[in-house]
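What follows is one structure encoded as C-alpha cells, with my remarks underneath.
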Amino acid sequence: MTPHPQWPHATLDVTAHEPTPFRQFVLKVHSRCNLDCSYCYIYSGQDPSWRDRPARTGEATMRQTAIRIAEHVRAHRLDRIRIELHGGEPLLTGPAPVLAYARAVREAVPCEVTATVQTNGTRLTAPTLDRLSDAGIRVGLSLDGGRAAHNARRVDHAGRPAWPAALAAARRLAARPESYAGVLCTIDLRADPLDVYRSLLDLDPPGVDFLLPHANWRHPPPGLARRRPGRHRPGPTPYGDWLDAVFDAWWDEGRLRTRVRLFQEIAALLLGAPGAAEAVGLSPMAAVVVETDGSIEQVDSLRSAYAGAAETGLDVFRHPFDRALRHPGVAARQVGERALAAACLSCPVGKVCGGGNYVHRYASGSGFRHPSVYCADLEQLIRHVADRLARTAHG
C-alpha cells in the first residue's frame, strides 16, 4: 500500500515549531520534458502524478501564484526572494511562458526578486538567451559533465543525444557571464571525477553544484548495495571517494576558478559559519514548489521516495503559503536537530552533515528519521575537507 503523504512525519513533535518563511519559490512552467534521461527521478521514478497535471502553467495560475507570493512577502516583511522557473523543461515552448511568469511575480511582489531558469540547454537558442538576459533572468544549466561521453544518459525521446545542443548553450552562456547561473551536475560513478570536473571548468561556469543521485534506503543509489537503515557506518564510500578527488583538485588550484557549492558549504560549517544548502547542515528549508495546476508542494526530490511524498493537499487558489509552513513535511525540514535520527545526534560530524539531504533518509515503513543512505560517504567527505583545512591552517 502506498503510504499517506503525511504519515512518515507523524512521530515528530512540531507543536513548538516557529516556521521560517519561504524565500525560494520553485515555479513549474511545464510539466513535460523533451528529454528522456534514464536516471530522472520525476519521469522514471516512483511518482507518476506529472501525467495528470497541465502540460503548461496557465495565465490564471501565474497571476494567482504571484498574488500568493506577494501576500507571503508582506506577511513576513521579506526584503528579497528567489524564484526558480522549472519543469520538466521550462523552455519547452520558448521563453514566453518563463518571461510571463517572472513578470507576473515581479509586478505583484513588493521586494527584490531574483529570477533563474533551470534548463537542459537544448532549447536555449541565441534569441532566447537574449530575451532572458534582457529580462534579468539568469540561466542554470543541467549537465553530467563537459564531454559527450559524460552526457550519454541525456537523450531525447527518440534516443538522440542532447549533448550537441547543450554544448552550444554552454558556450553561449560562457560568453554572457552576467546571465550564467552555473551548472547542476549529478554524479555518475562510472565517470572519472577529475575528467568531469576539468571538462566542466572548460565551459567557464561561475559555479558547479555536484548532486548525489536521489536515492534512499528503499531504492539505493547506483554502486551501493541495498541494506538496512541501521547499517550505515562503516560502509563503502564510492561517492565520498569521487567527491574527495574533486575537492582536492578544486582546493589545490589556489585561485579558485569556480564555486563548488557543496565544498564551500562544508568548509563554512566546519569553520562555524551558518550553512544555506539542503545537502548538508541544519539550516531550515525555505523552498516551496508551485505545480502547473497551482498545487503547492514540497521540493521535487521527495518524489524519489514514493508516490505522493511531495504533496501537501494545498493550492494557490484556496490557500496561502503560510498553510504550507505548517505541513508536517515542511516543518520536519525546518526543526533542525529535532528531526534527526539518534545516530546522527551522536555522530561527531552530525552538525556539519545535518543528516544529509532529507529525502536520502527515507526507508519504507519507517519514514525519514534515519541517517542518509550516503552517511558513510558524507562522513568521509567532511573529514577529508576538515583535514585539508587543518593542514592549510598549519602551513
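Order determines the names: the first chain of the C-alpha cells is A, the second B, and so forth; residues in each chain are numbered 1 upward, and ligands are numbered 1 upward as they are shown.
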Q.
What parts of region 148-232 of chain A does DSSP call strand (DSSP E or B)? I'd like the answer as a list of chain:residue names.
A.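 Strand (DSSP E or B) members of region 148-232 of chain A, listed: A:Val155, A:Asp156, A:Pro161, A:Tyr180, A:Ala181, A:Gly182, A:Val183, A:Leu184, A:Cys185, A:Thr186, A:Gly207, A:Val208, A:Asp209, A:Phe210, A:Leu211.
When only C-alpha atoms are used to compute distances to Gly367 (chain A), the closest of the residues A:Gly146, A:Pro229, A:Gly235, A:Gly159 turns out to be A:Pro229.
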Q.
Between A:Trp250, A:Trp163, A:Phe263, A:Tyr362, which residue has the minimum interatomic distance to Cys37 (chain A), considering only C-alpha atoms?
A. A:Trp163
Q. So which residues touch Ala55 (chain A) within 8 Å, counting only C-alpha atoms, skipping near sequence neighbours fewer than 6 positions away, as a PyMOL selection string?
A. chain A and resi 30-32+292
Q: Find the residue from A:Ala126, A:Leu189, A:Leu85, A:Val330 that sits nearest to Gly140 (chain A); use only C-alpha atoms when measuring.
A: A:Leu85
